[in-house]
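Structure file start.pdb; described as PDB, C-alpha atoms and all ligand atoms.
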MODEL        1
ATOM      1  CA  MET A   1      99.903 229.166 129.977
ATOM      2  CA  SER A   2     100.703 225.576 130.942
ATOM      3  CA  HIS A   3     102.053 223.214 128.284
ATOM      4  CA  ARG A   4     101.651 220.072 130.384
ATOM      5  CA  LYS A   5     100.509 217.045 128.396
ATOM      6  CA  PRO A   6      96.956 215.974 129.230
ATOM      7  CA  LEU A   7      96.790 212.600 130.901
ATOM      8  CA  ASN A   8      95.543 209.447 129.195
ATOM      9  CA  LEU A   9      95.629 210.734 125.664
ATOM     10  CA  LEU A  10      95.283 208.264 122.795
ATOM     11  CA  ILE A  11      96.250 209.757 119.435
ATOM     12  CA  GLY A  12      95.597 208.091 116.092
ATOM     13  CA  VAL A  13      98.454 209.177 113.873
ATOM     14  CA  GLY A  14      98.137 208.917 110.102
ATOM     15  CA  VAL A  15     101.544 207.960 108.710
ATOM     16  CA  GLY A  16     100.666 208.193 105.014
ATOM     17  CA  PRO A  17     100.574 205.407 102.430
ATOM     18  CA  GLY A  18     104.074 204.024 102.943
ATOM     19  CA  ASP A  19     106.652 206.537 101.720
ATOM     20  CA  PRO A  20     108.393 207.863 104.859
ATOM     21  CA  GLU A  21     108.618 211.303 103.220
ATOM     22  CA  LEU A  22     104.822 211.487 103.242
ATOM     23  CA  LEU A  23     104.675 211.702 107.034
ATOM     24  CA  THR A  24     103.633 215.142 108.287
ATOM     25  CA  LEU A  25     105.720 217.161 110.722
ATOM     26  CA  GLN A  26     102.877 217.010 113.231
ATOM     27  CA  ALA A  27     102.749 213.229 112.959
ATOM     28  CA  LEU A  28     106.496 212.985 113.494
ATOM     29  CA  ARG A  29     106.414 215.256 116.540
ATOM     30  CA  THR A  30     103.484 213.302 117.994
ATOM     31  CA  LEU A  31     105.282 209.977 117.524
ATOM     32  CA  ARG A  32     108.465 211.345 119.105
ATOM     33  CA  GLU A  33     106.655 212.848 122.087
ATOM     34  CA  ALA A  34     104.448 209.831 122.836
ATOM     35  CA  ASP A  35     105.320 207.516 125.709
ATOM     36  CA  LEU A  36     104.416 204.479 123.624
ATOM     37  CA  ILE A  37     103.625 203.814 119.955
ATOM     38  CA  VAL A  38     101.207 201.003 119.129
ATOM     39  CA  VAL A  39     101.261 199.672 115.564
ATOM     40  CA  PRO A  40      98.794 197.277 113.936
ATOM     41  CA  VAL A  41      99.999 194.002 112.433
ATOM     42  CA  ARG A  42      97.934 191.454 110.556
ATOM     43  CA  ASP A  43      98.187 188.457 112.860
ATOM     44  CA  ASP A  44     101.812 187.942 113.687
ATOM     45  CA  ARG A  45     103.794 189.949 116.227
ATOM     46  CA  ASP A  46     107.050 189.057 114.453
ATOM     47  CA  GLU A  47     106.227 190.994 111.315
ATOM     48  CA  ILE A  48     106.860 194.678 110.661
ATOM     49  CA  GLY A  49     103.616 196.139 109.326
ATOM     50  CA  TYR A  50     103.242 198.978 106.835
ATOM     51  CA  ALA A  51     102.689 201.634 109.494
ATOM     52  CA  GLU A  52     105.601 200.454 111.609
ATOM     53  CA  ALA A  53     107.938 200.570 108.620
ATOM     54  CA  VAL A  54     107.213 204.299 108.222
ATOM     55  CA  VAL A  55     107.627 204.942 111.942
ATOM     56  CA  ARG A  56     110.936 203.070 112.035
ATOM     57  CA  ALA A  57     112.300 204.968 109.049
ATOM     58  CA  HIS A  58     112.110 208.113 111.209
ATOM     59  CA  LEU A  59     112.676 206.896 114.748
ATOM     60  CA  PHE A  60     115.316 204.295 113.935
ATOM     61  CA  PRO A  61     117.039 205.679 110.825
ATOM     62  CA  GLY A  62     119.690 203.377 109.379
ATOM     63  CA  GLU A  63     118.349 200.531 111.465
ATOM     64  CA  ASP A  64     119.785 197.143 110.550
ATOM     65  CA  GLY A  65     117.989 195.197 113.246
ATOM     66  CA  ALA A  66     120.753 195.464 115.809
ATOM     67  CA  THR A  67     121.593 199.148 115.909
ATOM     68  CA  ALA A  68     118.336 200.795 116.916
ATOM     69  CA  THR A  69     118.864 203.888 119.014
ATOM     70  CA  THR A  70     117.698 203.441 122.579
ATOM     71  CA  THR A  71     116.192 206.902 123.003
ATOM     72  CA  ALA A  72     113.300 206.510 120.572
ATOM     73  CA  THR A  73     109.741 205.924 121.726
ATOM     74  CA  PRO A  74     109.100 202.200 122.331
ATOM     75  CA  ILE A  75     106.925 200.445 119.738
ATOM     76  CA  VAL A  76     104.472 197.661 120.552
ATOM     77  CA  ARG A  77     102.687 195.523 117.918
ATOM     78  CA  ALA A  78      98.987 194.800 118.201
ATOM     79  CA  PRO A  79      97.598 192.009 116.003
ATOM     80  CA  PHE A  80      94.341 193.167 114.415
ATOM     81  CA  ALA A  81      92.996 190.121 112.524
ATOM     82  CA  LEU A  82      93.320 192.338 109.448
ATOM     83  CA  THR A  83      92.678 189.468 107.067
ATOM     84  CA  ASP A  84      89.218 188.738 108.502
ATOM     85  CA  ARG A  85      86.339 189.535 106.181
ATOM     86  CA  THR A  86      83.460 188.532 108.397
ATOM     87  CA  GLY A  87      82.044 191.646 110.019
ATOM     88  CA  VAL A  88      82.412 191.965 113.777
ATOM     89  CA  SER A  89      83.860 188.471 114.147
ATOM     90  CA  ALA A  90      84.978 186.970 117.437
ATOM     91  CA  ARG A  91      88.583 187.296 116.240
ATOM     92  CA  ARG A  92      88.149 190.985 115.489
ATOM     93  CA  THR A  93      86.393 191.685 118.781
ATOM     94  CA  HIS A  94      89.144 189.862 120.630
ATOM     95  CA  ALA A  95      91.820 191.817 118.724
ATOM     96  CA  TRP A  96      90.196 195.195 119.497
ATOM     97  CA  GLN A  97      89.920 194.268 123.171
ATOM     98  CA  ALA A  98      93.502 193.033 123.356
ATOM     99  CA  ALA A  99      94.802 196.211 121.684
ATOM    100  CA  ALA A 100      92.680 198.366 123.999
ATOM    101  CA  ALA A 101      94.037 196.442 127.005
ATOM    102  CA  LEU A 102      97.547 197.201 125.793
ATOM    103  CA  VAL A 103      96.764 200.939 125.668
ATOM    104  CA  LEU A 104      95.013 200.912 129.050
ATOM    105  CA  ASP A 105      97.919 198.998 130.634
ATOM    106  CA  ALA A 106     100.280 201.650 129.325
ATOM    107  CA  PHE A 107      98.207 204.373 131.018
ATOM    108  CA  GLU A 108      98.095 202.327 134.243
ATOM    109  CA  ASN A 109     101.877 202.043 134.087
ATOM    110  CA  GLY A 110     102.439 205.780 133.843
ATOM    111  CA  ALA A 111     102.151 206.640 130.156
ATOM    112  CA  SER A 112     100.300 209.877 129.544
ATOM    113  CA  THR A 113     100.235 209.713 125.742
ATOM    114  CA  VAL A 114      99.915 206.651 123.536
ATOM    115  CA  ALA A 115     100.164 207.069 119.764
ATOM    116  CA  PHE A 116      98.582 204.560 117.395
ATOM    117  CA  ALA A 117     100.246 204.664 113.958
ATOM    118  CA  THR A 118      97.992 203.821 111.051
ATOM    119  CA  ILE A 119      98.479 203.926 107.280
ATOM    120  CA  GLY A 120      96.966 206.809 105.377
ATOM    121  CA  ASP A 121      94.580 208.847 107.474
ATOM    122  CA  PRO A 122      93.227 207.661 110.845
ATOM    123  CA  ASN A 123      89.682 208.787 110.013
ATOM    124  CA  ILE A 124      89.419 206.854 106.742
ATOM    125  CA  TYR A 125      88.826 203.089 107.004
ATOM    126  CA  SER A 126      91.321 202.755 109.834
ATOM    127  CA  THR A 127      91.526 200.222 112.650
ATOM    128  CA  PHE A 128      92.030 203.269 114.856
ATOM    129  CA  SER A 129      88.314 204.022 115.105
ATOM    130  CA  TYR A 130      87.589 200.527 116.499
ATOM    131  CA  LEU A 131      90.459 200.799 118.954
ATOM    132  CA  ALA A 132      89.379 204.272 120.088
ATOM    133  CA  ALA A 133      85.774 203.111 120.596
ATOM    134  CA  THR A 134      86.910 200.066 122.592
ATOM    135  CA  VAL A 135      89.203 202.144 124.800
ATOM    136  CA  ARG A 136      86.479 204.735 125.415
ATOM    137  CA  GLN A 137      84.029 201.988 126.349
ATOM    138  CA  ALA A 138      86.403 200.761 129.023
ATOM    139  CA  ARG A 139      87.527 204.163 130.319
ATOM    140  CA  THR A 140      85.621 207.346 129.635
ATOM    141  CA  ASP A 141      88.409 209.584 130.912
ATOM    142  CA  VAL A 142      90.697 208.720 127.990
ATOM    143  CA  GLN A 143      90.968 211.577 125.513
ATOM    144  CA  ILE A 144      91.031 210.725 121.839
ATOM    145  CA  GLN A 145      92.711 212.827 119.153
ATOM    146  CA  THR A 146      93.878 212.240 115.605
ATOM    147  CA  VAL A 147      96.648 213.596 113.412
ATOM    148  CA  PRO A 148      95.639 213.557 109.741
ATOM    149  CA  GLY A 149      97.673 211.570 107.259
ATOM    150  CA  ILE A 150      98.074 211.598 103.489
ATOM    151  CA  THR A 151      95.724 209.011 102.032
ATOM    152  CA  ALA A 152      96.587 206.348  99.477
ATOM    153  CA  MET A 153      94.098 208.092  97.182
ATOM    154  CA  GLN A 154      96.046 211.351  97.313
ATOM    155  CA  ALA A 155      99.402 209.619  96.908
ATOM    156  CA  LEU A 156      98.191 207.697  93.846
ATOM    157  CA  ALA A 157      96.660 210.841  92.320
ATOM    158  CA  SER A 158      99.964 212.626  92.744
ATOM    159  CA  SER A 159     102.281 209.884  91.541
ATOM    160  CA  SER A 160     100.108 209.034  88.523
ATOM    161  CA  GLY A 161      99.461 212.664  87.545
ATOM    162  CA  THR A 162      95.693 212.278  87.994
ATOM    163  CA  VAL A 163      93.556 215.275  88.941
ATOM    164  CA  LEU A 164      90.998 214.056  91.484
ATOM    165  CA  CYS A 165      88.302 216.691  91.004
ATOM    166  CA  GLU A 166      87.664 220.034  89.360
ATOM    167  CA  GLY A 167      84.849 222.582  89.524
ATOM    168  CA  SER A 168      81.520 220.883  90.193
ATOM    169  CA  GLU A 169      82.728 217.261  89.956
ATOM    170  CA  PRO A 170      81.854 215.003  92.912
ATOM    171  CA  LEU A 171      84.570 212.792  94.334
ATOM    172  CA  VAL A 172      83.475 209.360  95.554
ATOM    173  CA  LEU A 173      85.693 207.140  97.664
ATOM    174  CA  PHE A 174      84.152 203.747  98.293
ATOM    175  CA  PRO A 175      85.202 200.286  99.479
ATOM    176  CA  ALA A 176      84.759 197.894  96.528
ATOM    177  CA  LEU A 177      84.203 194.916  98.810
ATOM    178  CA  GLY A 178      81.138 193.778  96.890
ATOM    179  CA  GLY A 179      82.930 193.926  93.549
ATOM    180  CA  ALA A 180      81.295 194.904  90.273
ATOM    181  CA  ASP A 181      77.850 195.673  91.729
ATOM    182  CA  ASP A 182      79.365 198.290  94.012
ATOM    183  CA  ILE A 183      81.140 200.247  91.313
ATOM    184  CA  ASP A 184      78.200 199.845  88.937
ATOM    185  CA  GLY A 185      75.898 201.343  91.576
ATOM    186  CA  VAL A 186      78.242 204.278  92.086
ATOM    187  CA  LEU A 187      78.695 204.951  88.367
ATOM    188  CA  GLN A 188      74.941 204.777  87.720
ATOM    189  CA  HIS A 189      73.879 206.905  90.672
ATOM    190  CA  PRO A 190      72.125 210.035  89.337
ATOM    191  CA  ALA A 191      73.696 212.319  91.951
ATOM    192  CA  LEU A 192      77.144 211.101  90.994
ATOM    193  CA  THR A 193      77.102 211.667  87.258
ATOM    194  CA  GLY A 194      80.523 212.829  86.179
ATOM    195  CA  ALA A 195      82.106 211.912  89.509
ATOM    196  CA  THR A 196      85.662 210.803  89.921
ATOM    197  CA  VAL A 197      85.427 207.371  91.506
ATOM    198  CA  VAL A 198      88.089 205.967  93.812
ATOM    199  CA  ALA A 199      87.915 202.322  94.873
ATOM    200  CA  TYR A 200      89.654 200.996  97.977
ATOM    201  CA  LYS A 201      89.768 197.364  99.165
ATOM    202  CA  GLY A 202      88.820 195.992  95.741
ATOM    203  CA  GLY A 203      92.004 194.049  94.941
ATOM    204  CA  ARG A 204      90.473 190.597  94.658
ATOM    205  CA  HIS A 205      87.535 191.970  92.661
ATOM    206  CA  TRP A 206      89.683 193.788  90.109
ATOM    207  CA  PRO A 207      88.683 191.601  87.098
ATOM    208  CA  GLN A 208      84.987 192.449  87.704
ATOM    209  CA  LEU A 209      85.723 196.103  88.467
ATOM    210  CA  ARG A 210      87.694 196.289  85.238
ATOM    211  CA  GLU A 211      84.755 194.937  83.237
ATOM    212  CA  THR A 212      82.377 197.429  84.819
ATOM    213  CA  LEU A 213      84.703 200.363  84.158
ATOM    214  CA  THR A 214      84.953 199.198  80.554
ATOM    215  CA  ALA A 215      81.154 198.994  80.240
ATOM    216  CA  HIS A 216      80.862 202.599  81.461
ATOM    217  CA  GLY A 217      83.631 203.843  79.165
ATOM    218  CA  ARG A 218      85.807 204.686  82.179
ATOM    219  CA  LEU A 219      88.644 202.165  81.832
ATOM    220  CA  GLU A 220      90.941 204.074  79.493
ATOM    221  CA  SER A 221      91.498 207.025  81.828
ATOM    222  CA  ALA A 222      91.627 204.954  85.028
ATOM    223  CA  VAL A 223      94.807 204.176  86.976
ATOM    224  CA  VAL A 224      95.684 201.440  89.446
ATOM    225  CA  GLY A 225      98.321 201.770  92.163
ATOM    226  CA  SER A 226      99.474 198.906  94.359
ATOM    227  CA  HIS A 227     101.733 199.436  97.382
ATOM    228  CA  VAL A 228     101.919 203.122  96.517
ATOM    229  CA  GLY A 229     104.859 204.842  98.177
ATOM    230  CA  ARG A 230     106.579 201.592  99.107
ATOM    231  CA  PRO A 231     109.699 200.163  97.465
ATOM    232  CA  ASP A 232     107.548 197.635  95.554
ATOM    233  CA  GLN A 233     105.129 200.300  94.291
ATOM    234  CA  ASP A 234     103.326 199.320  91.077
ATOM    235  CA  LEU A 235     101.541 202.098  89.146
ATOM    236  CA  ARG A 236      99.793 201.262  85.898
ATOM    237  CA  LEU A 237      97.078 202.351  83.534
ATOM    238  CA  ALA A 238      94.038 200.297  84.492
ATOM    239  CA  SER A 239      93.728 199.007  80.936
ATOM    240  CA  ALA A 240      97.089 197.255  81.367
ATOM    241  CA  VAL A 241      96.143 195.449  84.581
ATOM    242  CA  THR A 242      94.487 192.047  84.450
ATOM    243  CA  GLY A 243      93.961 189.360  87.091
ATOM    244  CA  GLU A 244      93.770 189.897  90.832
ATOM    245  CA  ILE A 245      95.766 192.716  92.398
ATOM    246  CA  PRO A 246      97.029 193.059  96.001
ATOM    247  CA  TYR A 247      94.782 194.202  98.861
ATOM    248  CA  LEU A 248      96.822 197.395  99.142
ATOM    249  CA  SER A 249      95.667 198.654  95.749
ATOM    250  CA  THR A 250      93.728 201.779  94.856
ATOM    251  CA  VAL A 251      91.837 202.484  91.652
ATOM    252  CA  ILE A 252      91.066 205.999  90.417
ATOM    253  CA  ALA A 253      88.633 206.481  87.539
ATOM    254  CA  PRO A 254      88.743 210.231  86.922
ATOM    255  CA  SER A 255      85.803 212.261  85.725
ATOM    256  CA  THR A 256      85.722 212.786  81.961
ATOM    257  CA  ARG A 257      86.998 216.263  81.059
ATOM    258  CA  THR A 258      86.906 217.812  77.623
ATOM    259  CA  ALA A 259      87.812 221.466  78.154
ATOM    260  CA  ARG A 260      89.937 223.468  80.569
ATOM    261  CA  GLY A 261      87.635 224.645  83.377
ATOM    262  CA  GLY A 262      84.739 222.840  81.705
ATOM    263  CA  LYS A 263      83.261 221.770  85.051
ATOM    264  CA  LEU A 264      83.263 225.231  86.555
ATOM    265  CA  VAL A 265      79.797 226.633  87.220
TER     266      VAL A 265
HETATM  267  C1  LIG B 301      91.798 199.787 105.552
HETATM  268  S1  LIG B 301      91.958 200.856 104.173
HETATM  269  C2  LIG B 301      93.088 202.050 104.795
HETATM  270  C3  LIG B 301      92.917 203.410 104.180
HETATM  271  C4  LIG B 301      93.862 204.441 104.743
HETATM  272  N1  LIG B 301      93.527 204.756 106.118
HETATM  273  C5  LIG B 301      93.887 205.742 103.920
HETATM  274  O1  LIG B 301      93.581 206.794 104.485
HETATM  275  O2  LIG B 301      94.253 205.710 102.753
HETATM  276  C6  LIG B 301      92.947 199.866 103.140
HETATM  277  C7  LIG B 301      92.811 200.257 101.695
HETATM  278  O3  LIG B 301      93.502 201.478 101.482
HETATM  279  C8  LIG B 301      94.136 201.475 100.224
HETATM  280  N2  LIG B 301      95.598 201.615 100.450
HETATM  281  C9  LIG B 301      96.205 201.847 101.627
HETATM  282  N3  LIG B 301      97.541 201.983 101.463
HETATM  283  C10 LIG B 301      97.771 201.839 100.135
HETATM  284  C11 LIG B 301      98.934 201.880  99.353
HETATM  285  N4  LIG B 301     100.141 202.098  99.888
HETATM  286  N5  LIG B 301      98.815 201.701  98.011
HETATM  287  C12 LIG B 301      97.605 201.494  97.453
HETATM  288  N6  LIG B 301      96.463 201.448  98.154
HETATM  289  C13 LIG B 301      96.534 201.609  99.491
HETATM  290  C14 LIG B 301      93.806 200.128  99.557
HETATM  291  O4  LIG B 301      92.678 200.311  98.731
HETATM  292  C15 LIG B 301      93.466 199.261 100.747
HETATM  293  O5  LIG B 301      92.585 198.214 100.380
ENDMDL
END

Render the structure in this file as structure tokens.
Amino acid sequence: MSHRKPLNLLIGVGVGPGDPELLTLQALRTLREADLIVVPVRDDRDEIGYAEAVVRAHLFPGEDGATATTTATPIVRAPFALTDRTGVSARRTHAWQAAAALVLDAFENGASTVAFATIGDPNIYSTFSYLAATVRQARTDVQIQTVPGITAMQALASSSGTVLCEGSEPLVLFPALGGADDIDGVLQHPALTGATVVAYKGGRHWPQLRETLTAHGRLESAVVGSHVGRPDQDLRLASAVTGEIPYLSTVIAPSTRTARGGKLV
């Protein structure tokens, strides 16, 4: 059986929430074997983004800026207008096209595999899906694969000692971009009674989310994690957190449990 790499393969690699130890072995092998690694940055090519920091911890261990090993896979930064909050804006479209052009150029110049490193999992709210769609639009012969990553939700559950779901409990992960109305809608939804609710992207709406959790009697058991897995990680009981919190924050409001195995059916 041949083990030749397929040509023109773009792989979205989940690198976990930020702790280099939460990178899977498959992700590490994929990053090492790729011809090029593309990493997203907010707007500025001079900055090291969250995904790149994890990649560098493995491919350039002990790096002090000047002593990077020369054998590691090259890394290229692609600005993704990550601070835009305006739908498919011109800036976003331009960023997706520019990143896709970078990938396609790499294939034209002989690369057979390009890895795109993304925080958490590449199939959950990741820039990778927009990049993959843009690349496929331009060239249908490019193969797309993903390597799963540990999500911020899982990392926060683990580091805060929060069980995400048991027995018949639903688990809802939602982007709290609309603030209080969003979480209120989720908590009131008849099909989601007793669900554990996880909010992503709700940092600037935290004061309203907090009020809504309080109104539903869910604040006391909820936890908030900002920059989970990074050196500046901040884990707190939700009741202790007031004011705005960073964009990279996750909220878990666990289902109410009163007895061991009480949700088993
Ligand atoms: C664009 S989504 C990326 C999700 C990611 N692909 C995943 O699988 O977890 C960004 C949101 O993920 C959450 N997030 C990602 N990394 C995080 C971290 N290290 N700590 C806390 N929340 C994080 C935050 O809610 C943030 O607003």

How close does each residue of chain A get to ligand LIG 301 (chain B), giving the shortest atom pair and distance in Å to one decimal for every residue with an atom at most 7 Å away, counting all atoms listed in the file, sorted by chain and residue number, as CSV?
residue,atom,partner,partner_atom,distance
A:Pro17,CA,B:LIG301,N4,4.2
A:Gly18,CA,B:LIG301,N4,5.3
A:Thr118,CA,B:LIG301,N1,6.7
A:Ile119,CA,B:LIG301,N1,5.2
A:Gly120,CA,B:LIG301,O1,3.5
A:Asp121,CA,B:LIG301,O1,3.8
A:Pro122,CA,B:LIG301,N1,5.6
A:Asn123,CA,B:LIG301,N1,6.8
A:Ile124,CA,B:LIG301,N1,4.7
A:Tyr125,CA,B:LIG301,C1,4.7
A:Ser126,CA,B:LIG301,N1,4.8
A:Gly149,CA,B:LIG301,O1,6.9
A:Ile150,CA,B:LIG301,O1,6.7
A:Thr151,CA,B:LIG301,O2,3.7
A:Ala152,CA,B:LIG301,O2,4.1
A:Met153,CA,B:LIG301,O2,6.1
A:Ala199,CA,B:LIG301,O4,6.5
A:Tyr200,CA,B:LIG301,O4,3.2
A:Lys201,CA,B:LIG301,O5,3.2
A:Gly202,CA,B:LIG301,O5,6.4
A:Gly203,CA,B:LIG301,O5,6.9
A:Gly225,CA,B:LIG301,C12,5.3
A:Ser226,CA,B:LIG301,C12,4.4
A:His227,CA,B:LIG301,N5,3.7
A:Val228,CA,B:LIG301,N5,3.7
A:Gly229,CA,B:LIG301,N4,5.7
A:Arg230,CA,B:LIG301,N4,6.5
A:Tyr247,CA,B:LIG301,O5,4.8
A:Leu248,CA,B:LIG301,C14,4.1
A:Ser249,CA,B:LIG301,N6,3.8
A:Thr250,CA,B:LIG301,O4,4.3

Q: Name the residues that the PyMOL selection byres (((chain A and resi 195) around 12) and not hetatm) pulls out of this structure, and write them as an MDAnalysis selection string.
A: chainID A and resid 163:173 183 186:194 196:198 218 252:257 263

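Restricting the calculation to only C-alpha atoms, the smallest distance between A:Asp105 and any of A:Pro40, A:Gly185, A:Ala138, A:Ala157 is found for A:Ala138.
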
(Q) Between atom CA of A:Thr73 and atom CA of A:Ala34, what distance in Å does the model show, to one decimal? (A) 6.7 Å

Q: Write out as a list of chain:residue names which residues come within 10 Å of A:Ala98 when counting all atoms listed in the file, dropping same-chain ones fewer than 3 positions away.
A: A:Ala78, A:Pro79, A:Phe80, A:Arg92, A:Thr93, A:His94, A:Ala95, A:Ala101, A:Leu102, A:Val103, A:Leu104, A:Leu131, A:Thr134

Go ahead and write the selection's residues with C-alpha atoms as a compact mmCIF listing (two decimals), in the frame of the given file.
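And here's part.txt as it stands now:
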# COMPACT_ATOMS: atom_id res chain seq x y z
CA ALA A 78 98.99 194.80 118.20
CA PRO A 79 97.60 192.01 116.00
CA PHE A 80 94.34 193.17 114.42
CA ARG A 92 88.15 190.98 115.49
CA THR A 93 86.39 191.68 118.78
CA HIS A 94 89.14 189.86 120.63
CA ALA A 95 91.82 191.82 118.72
CA ALA A 101 94.04 196.44 127.00
CA LEU A 102 97.55 197.20 125.79
CA VAL A 103 96.76 200.94 125.67
CA LEU A 104 95.01 200.91 129.05
CA LEU A 131 90.46 200.80 118.95
CA THR A 134 86.91 200.07 122.59

**Q.** Polymer residues at most 10 Å from A:Asp141, all atoms listed in the file, same-chain spacing of 3 or more positions, as a list in words
**A.** Leu7, Asn8, Leu9, Val135, Arg136, Gln137, Ala138 and Ile144 of chain A
